[in-house]
Number of protein chains: 2
Amino acid sequence: MNVREEAKKVKLAAPYMAAASLKVRTQALQNIVMALEDHREEIFQANALDVQAAVDAGVAQAVIKRLKFDENKLRDAIAGLRQMAELKDPLGKVTLKRELDQGLLLQRVTVPIGVIGVIFEARPDALIQISALCIMSGNCAILKGGKETAGTNKVLFELVHQAAVEAGLPEGCLLQVELHNEIDELLKCQGEVDLLIPRGSNKFVQYIMDNTNIPVMGHAAGICHIYLDEKADLAEAVPVILDAKTQYPAVCNAVETLLVNRKIADTALPMVLNALVQAGVKLRGSEEVAKRAGALVAAGKLGNADDVEKYAVEVMGEEDFDTEYTDMIISIKLVDNVAEAVDHINKFGSHHTDCILTKDDVAADYFLKMVDSAGVYWNCSTRFADGFRYGFGAEVGVSTGKLHARGPVGLEGLVTYKYQLIGHGQQVGDYVSGKKEFHHRDLERRAQVYTS
Amino acid sequence: MNVREEAKKVKLAAPYMAAASLKVRTQALQNIVMALEDHREEIFQANALDVQAAVDAGVAQAVIKRLKFDENKLRDAIAGLRQMAELKDPLGKVTLKRELDQGLLLQRVTVPIGVIGVIFEARPDALIQISALCIMSGNCAILKGGKETAGTNKVLFELVHQAAVEAGLPEGCLLQVELHNEIDELLKCQGEVDLLIPRGSNKFVQYIMDNTNIPVMGHAAGICHIYLDEKADLAEAVPVILDAKTQYPAVCNAVETLLVNRKIADTALPMVLNALVQAGVKLRGSEEVAKRAGALVAAGKLGNADDVEKYAVEVMGEEDFDTEYTDMIISIKLVDNVAEAVDHINKFGSHHTDCILTKDDVAADYFLKMVDSAGVYWNCSTRFADGFRYGFGAEVGVSTGKLHARGPVGLEGLVTYKYQLIGHGQQVGDYVSGKKEFHHRDLERRAQVYTS
C-alpha cells in the first residue's frame, strides 16, 4: 500500500465526514453493532487463529488474554457502542457567540480535527472502540493495530468500515494500515494526517514523538507519585497507597514513587512498608529509607526476624527516581515538606497523575496548584485517572502533553473549533477609519445561527 | 548564554508563576505602565540608535516605520496594557465539575501552559504586548525579538522584567534571548519549553516548525480565498473583495485568491476587475480568466483602449494557486459551483480564513461546514480575522494548526487545564469489585472547591 496516496483519499473525505449529521453518525454505530452480532462466528474464528499463532510463538499468558476476543468481550464492546451512541454530540457546540457590530456575528463552533492516525496495541476491542470514537466525533481515522491480532483486525475493520459507509459516511472515513513498516510512512503524512495518537510501550510512543512533525497526543510514561504528608490520616492513607500500587500495577496510572514526610516516618513507614510487602510489593528507595527500614526490622517493629529479606529496601540513586516500573515495585523517599515533594514530582514525574494524602488544606492547596500534572489528586488513588471513571463514556488515551487535551481524552479531546463570521458586506476599512465601531456584545449561545 | 541552562531556571519558576494571584499579575502590568512612563526618554534614545543603524544599513522605509517606537506607539502600548489588566482572569476557570461518587469531586480548572518561547519580528511594541499576555495568563516567557530593534528590546526587557519581579512574580518569569544563533538552542529545549510561538516570514516559521519537537503554534502562510457565488449581491460583494485585498495587503488575512462562479462571470468580472485595477491591484489568473478579461477589454466592457496593459491578466498555472503574495496582486479562477470552490480552497489554502459572498443560505451553509479553515466567513471581509476585532483584547498570533488554539489566539489560547480530584480515601478496587458505584453527577461550576 502507498500510505501517502491512501491518506490523501482519507483527507479528501474529511470535510464530508465533518458535515455528517448526528443521525448518520449514530446510525453508523448502530450498524456496527448489527454487523458484529451478525458476524460473530467469523470474528471468533479469525481470532482463534491469531490466538493459536501467539500460543505457538510462546507469547506470555497475560498478553494472550488481551488478544482473545470472546463472547464476553463482544458483549462489552457492543454495550460500549450503545453507550457512545447516547453521548452528547461533541460537534456543533457554540462556545462563543458575539456580535462584533450590528449585523456582524462571530460564532466559535466545535468541529472535528480531521484525520486522526491511531496506532494501538494488539487488542481487538480497541479497534472497535477507536473507530467508534472517531466516527462519533466526525473524524476520519487511519488505524494500525498490533500485529498479533492482524487476522481479527482485518475481519473487524471490514465490518466496521462497511457499516459506516452503509450509514452514509464517506468511503474514506476509515483506513486500515496493516504492515509495521508502514508506520514510518504514516509518520511522514504531515499534510494528510492532523493528529497521531500512539498507544503502547514507552519506547514505542517516544519513537513516534521523536520521528514525526505531525502533532502527537498521548503519553510515553506514567510516573505517578503519592506524597504522604505529615498531616495525613494514616488509617485512610495506607489503603489508598496500596490501591494505587497493587490494584493494577501494569497500567500508567499506578503509583511508582511514594514520598513520605520525614516528620512522620517513624510512625508511617512501619504501617506502609508492612502493607506493601504483605501485598507482594518489592521495595526500593533512598539510602535513608533503606537504613530506617533495616532499623525497624532489627527493632522488631517491621516483619519477623525470619523475613528480613522481604522487608529489605533496595537502595537506588536519586537519578533512578524517573523509573516507571509498571510492576509490583515501588520507590520510596523521605522529604521535609510539601514543597520538597512538589519539586521532586515536577523534576522526576511524567506530568500524568500525582496525589497528596493529607488533612491539611494549606498543604493540599499548595500541592494542587504547584504540581504541573494533568491530574492532581487529594486523598484518593491515582488509579482513578481514566476516561470511564471520569464519566467520559469512552477514552482514546491519556495525554501528558499540555496542548489541546490533557489527561484522559474522550470525545471532547477529538474536536477542535472554527470561527464563523456572518456579515452583510462589512469591510475592515470602515472600522479603521472610524466610520464604524465594534461593540463586541456577547449573546446567549443557545444555537448556531445560519442566516446572513 | 547557555540557553538550555537558563531555560531550566525559567522552568523552575513556572509553578510559582502559575500560582500567582490575579492581583499580583495585574500589579505587574501596572508596574510595567509606570516603568514605561518613567523611562520614556531612555527607551526613545535606545530606539533612535536602532532606527539610525537601520537607516544607515539601507533598510526599507516600510520596515523602518515598524522599528520606530515613538510617543504614539508608547501611548498605544500603555493603553493596551491597561485594557489587558481589565480582562477576565483566564486562570482558575472551572470548565467541568462532577461528583464521580459521594465525596469524590472532579474539577477541571484552567491553568497556564508553563513556559512559552516567542520569537517575534522587530517591533518594540510586540515585546511589551507579548510579555504582558504571558504574565496575564500566568506563563513564563522566553522572548527573542528581531535583531533590528535589539537595543530598544534590551531597555524594554529590563524595565518589564524588573516591573514584574517588583510585583511579586518570580525572577525566572521572563528571559530574553538576544542572539540569532541562540534560536537553534531554544528549539532543542524540549523539556523546558512547553510551546513555541514563532512570528515572521513564511520561511522562518516553516523552519521553526520543521526543526523542533516542541509544539508550535502559529501560521506559516495566510492564503485566504473569497468565493463569489452565483447568488452574490455584486453591489455588496465588490467592496468586500476590494477591502480584503487592498486595505492592508501585507498581512496574513488579506485575500490572495478570488474564485468566481462561472455562471455570473460575464456580469461579475467587469465589475470586480475594474474595481481591483482602479485600486492598483495586479491581476493573475487561469488562462480562461485571462481570455475573458481580454475579450471584455476588446469589447469595450472593461477599461479603455489605452490601458489594455493594466487590465491584462497574467496567466498562471493551477499549481501556482498556493502562492501568498502579501502584495497588491490577486489570483482569479472560475469555478462551476460552491463544491468546486471548497475543493480548491481545501487543496490550495492554508486553513487561515476563507469567505463566501452569496445570498444563498444553502450554498453558505455548505461552505461554512466544508471549508477546513480556522475562519469561515459569509459576506464580510477576510481582514476581520484578528484578535482585537474578535474582541479578545490582545493577540499573540494566529494559528492555522488545528490542535489547542485555532485562528486568532488571545489569553484563552495561552492556557491549558488540569484535573483536580478531591476525595476521602477512595480506592479504585471498590469500584472494580462492585462494592461502590460511580454516579457521575455534574454540579454547578460556580467556583473551585478546596476542601477535602
# chains A, B, ... in the order shown; residues from 1 in each chain; ligands from 1
call {"tool": "calpha_fit_and_write", "arguments": {"fixed": "chain A", "moving": "chain B", "output": "compact mmCIF listing (two decimals) with C-alpha atoms, in the first residue's frame"}}
result
# COMPACT_ATOMS: atom_id res chain seq x y z
CA MET B 1 0.00 0.00 0.02
CA ASN B 2 1.16 3.51 -0.78
CA VAL B 3 0.21 4.99 2.58
CA ARG B 4 0.51 8.60 1.48
CA GLU B 5 -1.73 8.14 -1.56
CA GLU B 6 -4.33 6.36 0.55
CA ALA B 7 -4.07 9.02 3.26
CA LYS B 8 -4.77 11.68 0.63
CA LYS B 9 -8.07 9.97 -0.16
CA VAL B 10 -8.92 9.95 3.53
CA LYS B 11 -8.11 13.66 3.73
CA LEU B 12 -10.50 14.36 0.86
CA ALA B 13 -13.24 12.52 2.75
CA ALA B 14 -12.70 14.57 5.92
CA PRO B 15 -14.98 17.54 5.07
CA TYR B 16 -17.82 15.14 4.19
CA MET B 17 -17.24 13.34 7.48
CA ALA B 18 -17.25 16.69 9.30
CA ALA B 19 -20.60 17.57 7.74
CA ALA B 20 -22.22 14.22 8.62
CA SER B 21 -25.24 14.66 10.88
CA LEU B 22 -25.50 13.17 14.36
CA LYS B 23 -28.18 10.88 12.98
CA VAL B 24 -25.82 9.41 10.38
CA ARG B 25 -23.00 9.06 12.89
CA THR B 26 -25.13 7.26 15.47
CA GLN B 27 -26.64 5.11 12.71
CA ALA B 28 -23.08 4.07 11.88
CA LEU B 29 -22.56 2.92 15.47
CA GLN B 30 -25.83 0.99 15.39
CA ASN B 31 -24.81 -0.63 12.11
CA ILE B 32 -21.52 -1.68 13.69
CA VAL B 33 -23.41 -3.32 16.56
CA MET B 34 -25.52 -5.27 14.06
CA ALA B 35 -22.52 -6.25 11.98
CA LEU B 36 -20.66 -7.53 15.05
CA GLU B 37 -23.67 -9.56 16.13
CA ASP B 38 -24.28 -11.00 12.67
CA HIS B 39 -20.65 -11.96 12.10
CA ARG B 40 -19.64 -13.13 15.56
CA GLU B 41 -18.57 -16.60 14.39
CA GLU B 42 -16.38 -15.18 11.65
CA ILE B 43 -14.73 -12.85 14.18
CA PHE B 44 -14.18 -15.62 16.74
CA GLN B 45 -12.69 -17.89 14.08
CA ALA B 46 -10.23 -15.25 12.93
CA ASN B 47 -9.36 -14.52 16.53
CA ALA B 48 -8.83 -18.21 17.34
CA LEU B 49 -6.18 -18.32 14.59
CA ASP B 50 -4.45 -15.20 15.97
CA VAL B 51 -4.49 -16.64 19.49
CA GLN B 52 -3.20 -20.03 18.32
CA ALA B 53 -0.35 -18.35 16.44
CA ALA B 54 0.56 -16.38 19.56
CA VAL B 55 0.47 -19.50 21.74
CA ASP B 56 2.67 -21.31 19.22
CA ALA B 57 5.09 -18.39 19.28
CA GLY B 58 5.30 -18.69 23.07
CA VAL B 59 3.71 -15.34 23.83
CA ALA B 60 3.17 -14.70 27.56
CA GLN B 61 -0.18 -15.70 29.05
CA ALA B 62 -0.99 -12.13 30.16
CA VAL B 63 -0.65 -10.94 26.56
CA ILE B 64 -2.70 -13.84 25.19
CA LYS B 65 -5.52 -12.74 27.49
CA ARG B 66 -5.55 -9.33 25.80
CA LEU B 67 -5.49 -10.82 22.28
CA LYS B 68 -8.50 -13.01 22.91
CA PHE B 69 -11.84 -11.76 21.65
CA ASP B 70 -14.64 -13.86 23.09
CA GLU B 71 -18.38 -13.62 23.88
CA ASN B 72 -17.67 -11.52 26.98
CA LYS B 73 -15.50 -9.03 25.13
CA LEU B 74 -17.99 -8.84 22.26
CA ARG B 75 -20.78 -8.12 24.75
CA ASP B 76 -18.69 -5.38 26.42
CA ALA B 77 -17.77 -3.87 23.05
CA ILE B 78 -21.41 -3.75 22.00
CA ALA B 79 -22.46 -2.23 25.34
CA GLY B 80 -19.74 0.41 24.86
CA LEU B 81 -20.98 1.25 21.35
CA ARG B 82 -24.55 1.61 22.58
CA GLN B 83 -23.43 3.91 25.40
CA MET B 84 -21.37 6.01 23.03
CA ALA B 85 -24.33 6.49 20.71
CA GLU B 86 -26.15 8.07 23.68
CA LEU B 87 -23.41 10.62 24.46
CA LYS B 88 -23.95 14.30 23.76
CA ASP B 89 -22.90 15.32 20.26
CA PRO B 90 -19.40 16.81 20.59
CA LEU B 91 -19.85 18.68 17.27
CA GLY B 92 -21.64 21.95 16.54
CA LYS B 93 -21.36 23.23 20.11
CA VAL B 94 -21.27 27.04 20.13
CA THR B 95 -18.55 28.05 22.59
CA LEU B 96 -18.57 31.77 21.77
CA LYS B 97 -21.30 33.89 20.19
CA ARG B 98 -20.54 37.57 19.91
CA GLU B 99 -21.95 40.42 17.87
CA LEU B 100 -18.87 42.38 16.81
CA ASP B 101 -21.09 45.13 15.46
CA GLN B 102 -24.66 45.33 14.26
CA GLY B 103 -25.19 42.58 11.70
CA LEU B 104 -21.72 41.09 12.15
CA LEU B 105 -21.95 37.88 14.14
CA LEU B 106 -18.98 35.81 15.33
CA GLN B 107 -19.55 32.18 16.37
CA ARG B 108 -16.99 29.69 17.57
CA VAL B 109 -18.27 26.19 16.82
CA THR B 110 -16.78 22.78 17.63
CA VAL B 111 -15.76 20.74 14.56
CA PRO B 112 -13.78 17.52 14.08
CA ILE B 113 -9.99 17.67 13.94
CA GLY B 114 -9.97 15.96 10.54
CA VAL B 115 -7.81 12.90 10.01
CA ILE B 116 -6.51 11.07 13.08
CA GLY B 117 -3.91 8.32 12.93
CA VAL B 118 -4.17 5.87 15.82
CA ILE B 119 -1.51 3.25 16.43
CA PHE B 120 -2.65 0.88 19.12
CA GLU B 121 -1.78 -2.29 20.94
CA ALA B 122 -2.92 -5.80 19.92
CA ARG B 123 -6.43 -5.74 21.40
CA PRO B 124 -9.40 -6.33 19.09
CA ASP B 125 -11.80 -4.33 21.29
CA ALA B 126 -9.49 -1.31 20.85
CA LEU B 127 -10.11 -1.29 17.08
CA ILE B 128 -13.87 -1.17 17.65
CA GLN B 129 -13.72 1.49 20.32
CA ILE B 130 -11.27 3.78 18.49
CA SER B 131 -13.24 3.57 15.24
CA ALA B 132 -16.43 4.42 17.11
CA LEU B 133 -14.84 7.38 18.92
CA CYS B 134 -13.56 8.79 15.64
CA ILE B 135 -16.92 8.29 13.91
CA MET B 136 -18.87 9.89 16.78
CA SER B 137 -16.52 12.90 16.73
CA GLY B 138 -16.76 13.24 12.92
CA ASN B 139 -13.12 12.39 12.34
CA CYS B 140 -11.64 10.17 9.67
CA ALA B 141 -9.28 7.60 11.14
CA ILE B 142 -6.24 5.72 9.94
CA LEU B 143 -5.83 2.67 12.15
CA LYS B 144 -2.81 0.47 12.78
CA GLY B 145 -3.31 -2.27 15.35
CA GLY B 146 -0.82 -4.63 16.93
CA LYS B 147 0.38 -7.39 14.62
CA GLU B 148 -0.60 -10.23 17.01
CA THR B 149 -4.27 -9.61 16.21
CA ALA B 150 -3.83 -8.82 12.51
CA GLY B 151 -6.29 -11.51 11.42
CA THR B 152 -9.02 -10.43 13.84
CA ASN B 153 -8.44 -6.77 12.98
CA LYS B 154 -8.83 -7.48 9.27
CA VAL B 155 -12.27 -9.02 9.81
CA LEU B 156 -13.33 -6.35 12.31
CA PHE B 157 -12.13 -3.51 10.13
CA GLU B 158 -14.09 -4.73 7.09
CA LEU B 159 -17.25 -4.99 9.18
CA VAL B 160 -16.84 -1.60 10.84
CA HIS B 161 -15.95 0.15 7.59
CA GLN B 162 -18.86 -1.33 5.67
CA ALA B 163 -21.27 -0.51 8.50
CA ALA B 164 -20.11 3.10 8.50
CA VAL B 165 -20.41 3.48 4.72
CA GLU B 166 -23.87 1.89 4.77
CA ALA B 167 -24.96 4.53 7.29
CA GLY B 168 -24.00 7.20 4.75
CA LEU B 169 -20.46 8.08 5.79
CA PRO B 170 -17.87 8.54 3.01
CA GLU B 171 -15.78 5.57 1.81
CA GLY B 172 -12.64 7.29 3.03
CA CYS B 173 -13.84 7.63 6.62
CA LEU B 174 -11.67 4.75 7.81
CA LEU B 175 -8.43 3.26 6.54
CA GLN B 176 -6.53 0.32 7.94
CA VAL B 177 -2.76 0.12 7.72
CA GLU B 178 -1.58 -3.42 8.23
CA LEU B 179 2.20 -3.57 7.96
CA HIS B 180 4.55 -2.43 10.69
CA ASN B 181 6.93 -0.71 8.24
CA GLU B 182 4.00 1.38 7.01
CA ILE B 183 4.02 3.22 10.35
CA ASP B 184 7.10 5.11 9.20
CA GLU B 185 5.25 6.14 6.03
CA LEU B 186 2.34 7.30 8.15
CA LEU B 187 4.67 9.49 10.22
CA LYS B 188 5.54 11.43 7.06
CA CYS B 189 1.92 12.24 6.09
CA GLN B 190 2.08 15.74 7.56
CA GLY B 191 -0.32 17.26 5.05
CA GLU B 192 -2.84 14.47 5.33
CA VAL B 193 -2.89 13.48 9.00
CA ASP B 194 -3.84 16.14 11.55
CA LEU B 195 -3.10 14.21 14.72
CA LEU B 196 -1.35 11.00 15.74
CA ILE B 197 -2.37 9.04 18.82
CA PRO B 198 0.18 6.31 19.57
CA ARG B 199 -0.55 3.83 22.34
CA GLY B 200 1.85 1.21 23.59
CA SER B 201 5.20 0.94 25.29
CA ASN B 202 7.24 3.91 26.49
CA LYS B 203 9.83 3.29 23.85
CA PHE B 204 7.35 2.99 21.01
CA VAL B 205 5.45 6.18 21.90
CA GLN B 206 8.72 8.06 22.33
CA TYR B 207 9.85 6.83 18.91
CA ILE B 208 6.66 8.22 17.34
CA MET B 209 7.09 11.54 19.16
CA ASP B 210 10.69 11.88 18.00
CA ASN B 211 10.09 10.95 14.38
CA THR B 212 7.20 13.00 13.07
CA ASN B 213 6.19 16.60 12.54
CA ILE B 214 2.54 15.68 12.92
CA PRO B 215 1.16 16.71 16.34
CA VAL B 216 1.16 13.74 18.73
CA MET B 217 -1.22 13.18 21.63
CA GLY B 218 -0.50 10.56 24.22
CA HIS B 219 1.91 9.64 26.93
CA ALA B 220 5.24 7.91 26.82
CA ALA B 221 5.46 7.34 30.56
CA GLY B 222 3.22 7.28 33.60
CA ILE B 223 5.45 8.02 36.58
CA CYS B 224 2.81 8.79 39.19
CA HIS B 225 3.58 9.87 42.76
CA ILE B 226 1.89 9.84 46.11
CA TYR B 227 3.09 12.29 48.75
CA LEU B 228 2.24 11.22 52.29
CA ASP B 229 2.05 14.46 54.20
CA GLU B 230 2.78 14.93 57.89
CA LYS B 231 -0.92 15.64 58.47
CA ALA B 232 -2.12 12.50 56.67
CA ASP B 233 -4.72 10.25 58.25
CA LEU B 234 -2.70 7.04 58.06
CA ALA B 235 -5.69 4.73 58.49
CA GLU B 236 -7.22 6.29 55.37
CA ALA B 237 -3.91 6.77 53.55
CA VAL B 238 -2.40 3.30 53.65
CA PRO B 239 -5.25 1.59 51.74
CA VAL B 240 -5.08 4.34 49.08
CA ILE B 241 -1.33 3.75 48.60
CA LEU B 242 -1.99 0.03 48.37
CA ASP B 243 -4.75 0.49 45.79
CA ALA B 244 -2.63 2.87 43.72
CA LYS B 245 0.26 0.39 43.61
CA THR B 246 -1.34 -3.04 43.55
CA GLN B 247 -4.84 -2.85 42.09
CA TYR B 248 -3.41 -3.01 38.53
CA PRO B 249 0.33 -2.31 38.55
CA ALA B 250 0.81 -2.71 34.77
CA VAL B 251 -1.05 0.50 33.84
CA CYS B 252 0.14 4.06 33.51
CA ASN B 253 -1.88 5.47 36.42
CA ALA B 254 -0.43 3.08 39.01
CA VAL B 255 1.86 4.80 41.51
CA GLU B 256 5.63 4.36 41.11
CA THR B 257 7.04 6.59 43.81
CA LEU B 258 5.96 7.26 47.37
CA LEU B 259 7.29 10.41 49.05
CA VAL B 260 6.95 10.34 52.83
CA ASN B 261 7.20 13.37 55.08
CA ARG B 262 10.25 12.82 57.30
CA LYS B 263 8.41 14.03 60.39
CA ILE B 264 6.03 11.08 60.35
CA ALA B 265 8.44 8.49 58.98
CA ASP B 266 8.73 6.62 62.29
CA THR B 267 5.00 6.05 62.50
CA ALA B 268 4.17 5.84 58.82
CA LEU B 269 6.96 3.64 57.45
CA PRO B 270 6.11 0.53 59.50
CA MET B 271 2.44 0.72 58.47
CA VAL B 272 3.07 1.49 54.82
CA LEU B 273 5.98 -0.90 54.25
CA ASN B 274 4.16 -3.70 56.02
CA ALA B 275 1.03 -3.26 53.90
CA LEU B 276 3.05 -3.11 50.68
CA VAL B 277 5.22 -6.13 51.46
CA GLN B 278 2.21 -8.17 52.56
CA ALA B 279 0.65 -7.41 49.19
CA GLY B 280 3.79 -8.66 47.42
CA VAL B 281 5.34 -5.33 46.48
CA LYS B 282 9.13 -5.10 46.23
CA LEU B 283 10.68 -2.07 47.91
CA ARG B 284 13.27 0.31 46.53
CA GLY B 285 14.30 3.63 47.95
CA SER B 286 16.87 6.13 49.06
CA GLU B 287 19.69 5.02 51.35
CA GLU B 288 17.89 6.75 54.20
CA VAL B 289 14.73 4.72 53.70
CA ALA B 290 16.71 1.51 53.42
CA LYS B 291 18.51 2.24 56.71
CA ARG B 292 15.33 3.14 58.52
CA ALA B 293 13.56 0.05 57.26
CA GLY B 294 16.51 -2.06 58.36
CA ALA B 295 16.44 -0.46 61.80
CA LEU B 296 12.69 -1.04 62.11
CA VAL B 297 13.09 -4.71 61.26
CA ALA B 298 15.99 -5.04 63.70
CA ALA B 299 13.89 -3.38 66.40
CA GLY B 300 11.04 -5.84 65.74
CA LYS B 301 8.76 -3.09 64.51
CA LEU B 302 8.49 -4.39 60.96
CA GLY B 303 7.96 -8.03 59.96
CA ASN B 304 9.47 -11.01 61.71
CA ALA B 305 13.10 -11.94 62.17
CA ASP B 306 12.70 -14.69 59.55
CA ASP B 307 11.58 -12.44 56.71
CA VAL B 308 14.24 -9.76 56.81
CA GLU B 309 14.74 -10.33 53.07
CA LYS B 310 11.17 -9.39 52.20
CA TYR B 311 11.44 -6.10 54.05
CA ALA B 312 14.82 -5.16 52.63
CA VAL B 313 14.74 -1.91 50.66
CA GLU B 314 16.95 -2.01 47.59
CA VAL B 315 18.96 1.22 47.57
CA MET B 316 18.53 3.35 44.44
CA GLY B 317 20.24 6.52 43.30
CA GLU B 318 18.39 9.82 43.15
CA GLU B 319 18.57 9.76 39.35
CA ASP B 320 16.68 6.44 39.20
CA PHE B 321 13.50 8.01 40.52
CA ASP B 322 12.42 8.64 36.92
CA THR B 323 11.66 4.93 36.49
CA GLU B 324 8.25 3.56 35.50
CA TYR B 325 8.03 -0.01 36.82
CA THR B 326 4.53 -1.00 35.68
CA ASP B 327 5.16 -3.83 38.10
CA MET B 328 4.86 -4.70 41.80
CA ILE B 329 7.79 -2.46 42.74
CA ILE B 330 7.71 0.92 44.48
CA SER B 331 10.34 3.63 45.08
CA ILE B 332 10.28 5.41 48.42
CA LYS B 333 11.96 8.61 49.53
CA LEU B 334 11.66 10.93 52.53
CA VAL B 335 11.10 14.65 52.10
CA ASP B 336 10.98 17.55 54.55
CA ASN B 337 7.72 19.12 53.43
CA VAL B 338 5.18 19.51 50.65
CA ALA B 339 7.46 21.94 48.78
CA GLU B 340 10.22 19.34 48.51
CA ALA B 341 7.66 16.76 47.40
CA VAL B 342 6.38 19.08 44.66
CA ASP B 343 9.91 19.82 43.45
CA HIS B 344 10.66 16.10 43.26
CA ILE B 345 7.44 15.40 41.35
CA ASN B 346 7.93 18.22 38.85
CA LYS B 347 11.51 17.05 38.26
CA PHE B 348 11.08 13.27 38.05
CA GLY B 349 7.41 12.89 37.16
CA SER B 350 5.82 12.48 33.77
CA HIS B 351 3.02 15.02 34.37
CA HIS B 352 0.44 12.25 34.42
CA THR B 353 -1.25 11.96 37.86
CA ASP B 354 0.11 12.79 41.30
CA CYS B 355 -1.54 12.72 44.69
CA ILE B 356 -1.22 14.23 48.15
CA LEU B 357 -2.59 12.42 51.18
CA THR B 358 -3.26 14.93 53.96
CA LYS B 359 -5.89 16.53 56.18
CA ASP B 360 -4.14 19.90 55.85
CA ASP B 361 -5.97 22.25 53.46
CA VAL B 362 -2.99 24.55 53.06
CA ALA B 363 -0.61 21.77 52.07
CA ALA B 364 -3.22 20.33 49.71
CA ASP B 365 -3.88 23.70 48.10
CA TYR B 366 -0.13 24.19 47.55
CA PHE B 367 0.18 20.71 46.05
CA LEU B 368 -2.82 21.06 43.71
CA LYS B 369 -1.57 24.43 42.46
CA MET B 370 2.14 23.70 42.14
CA VAL B 371 2.29 20.17 40.75
CA ASP B 372 2.45 20.47 36.98
CA SER B 373 0.49 17.36 36.03
CA ALA B 374 -2.65 16.49 34.10
CA GLY B 375 -4.16 15.07 37.29
CA VAL B 376 -3.53 16.47 40.77
CA TYR B 377 -5.27 14.39 43.42
CA TRP B 378 -6.07 14.84 47.06
CA ASN B 379 -6.84 11.83 49.28
CA CYS B 380 -7.71 9.28 46.62
CA SER B 381 -5.99 6.69 44.46
CA THR B 382 -4.07 7.69 41.30
CA ARG B 383 -5.85 4.80 39.58
CA PHE B 384 -8.93 7.00 39.08
CA ALA B 385 -7.17 8.76 36.17
CA ASP B 386 -9.25 7.20 33.42
CA GLY B 387 -11.86 8.42 30.94
CA PHE B 388 -14.51 5.92 32.06
CA ARG B 389 -14.07 6.77 35.73
CA TYR B 390 -14.24 10.49 34.88
CA GLY B 391 -17.56 9.79 33.16
CA PHE B 392 -16.42 10.46 29.59
CA GLY B 393 -18.07 7.26 28.36
CA ALA B 394 -15.00 6.31 26.35
CA GLU B 395 -11.32 7.12 26.14
CA VAL B 396 -8.93 7.26 23.23
CA GLY B 397 -5.89 7.60 25.50
CA VAL B 398 -4.28 9.68 28.21
CA SER B 399 -2.27 12.77 27.30
CA THR B 400 0.67 14.03 29.32
CA GLY B 401 1.21 16.89 26.87
CA LYS B 402 -0.18 20.28 27.76
CA LEU B 403 -1.56 21.43 24.45
CA HIS B 404 -5.10 20.66 23.27
CA ALA B 405 -6.24 17.82 25.54
CA ARG B 406 -4.65 16.85 28.85
CA GLY B 407 -5.26 13.76 30.95
CA PRO B 408 -7.82 11.15 29.86
CA VAL B 409 -9.06 12.04 26.37
CA GLY B 410 -12.62 11.28 25.35
CA LEU B 411 -14.81 12.66 22.57
CA GLU B 412 -14.20 16.26 23.66
CA GLY B 413 -10.48 15.87 23.04
CA LEU B 414 -11.11 14.77 19.44
CA VAL B 415 -12.66 18.06 18.35
CA THR B 416 -11.33 21.50 17.56
CA TYR B 417 -13.28 24.59 16.55
CA LYS B 418 -13.68 27.06 13.75
CA TYR B 419 -14.75 30.68 13.79
CA GLN B 420 -17.73 31.58 11.63
CA LEU B 421 -18.19 35.25 10.85
CA ILE B 422 -21.51 36.17 9.28
CA GLY B 423 -21.95 39.66 7.92
CA HIS B 424 -23.73 41.88 5.44
CA GLY B 425 -20.89 43.27 3.38
CA GLN B 426 -18.82 44.66 6.27
CA GLN B 427 -15.34 45.96 5.42
CA VAL B 428 -12.42 46.47 7.81
CA GLY B 429 -11.62 49.87 6.28
CA ASP B 430 -14.75 51.35 7.86
CA TYR B 431 -13.56 50.34 11.34
CA VAL B 432 -10.02 51.54 10.77
CA SER B 433 -11.22 54.93 9.52
CA GLY B 434 -13.56 55.30 12.49
CA LYS B 435 -16.69 55.36 10.34
CA LYS B 436 -17.90 52.31 12.27
CA GLU B 437 -17.08 50.90 15.70
CA PHE B 438 -17.11 47.42 17.18
CA HIS B 439 -19.39 46.93 20.14
CA HIS B 440 -18.47 43.31 21.01
CA ARG B 441 -21.70 42.16 22.61
CA ASP B 442 -21.78 38.56 23.83
CA LEU B 443 -25.02 36.74 23.02
CA GLU B 444 -26.65 33.67 24.48
CA ARG B 445 -25.08 30.61 22.95
CA ARG B 446 -28.22 28.54 22.57
CA ALA B 447 -27.78 27.56 18.94
CA GLN B 448 -25.81 28.29 15.82
CA VAL B 449 -27.20 31.02 13.64
CA TYR B 450 -27.29 30.27 9.94
CA THR B 451 -28.74 33.36 8.33
CA SER B 452 -26.82 36.19 6.82
call {"tool": "select_by_dssp", "arguments": {"residues": "stretch 54-247 of chain B", "states": "alpha helix (DSSP H)", "output": "PyMOL selection string"}}
result
chain B and resi 54-56+61-67+71-86+124-136+150-166+182-187+202-210+234-246
call {"tool": "select_by_dssp", "arguments": {"residues": "stretch 242-449 of chain B", "states": "strand (DSSP E or B)", "output": "PyMOL selection string"}}
result
chain B and resi 255-261+282-285+314-315+329-335+353-357+375-380+397-399+407-409+415-426+441-442
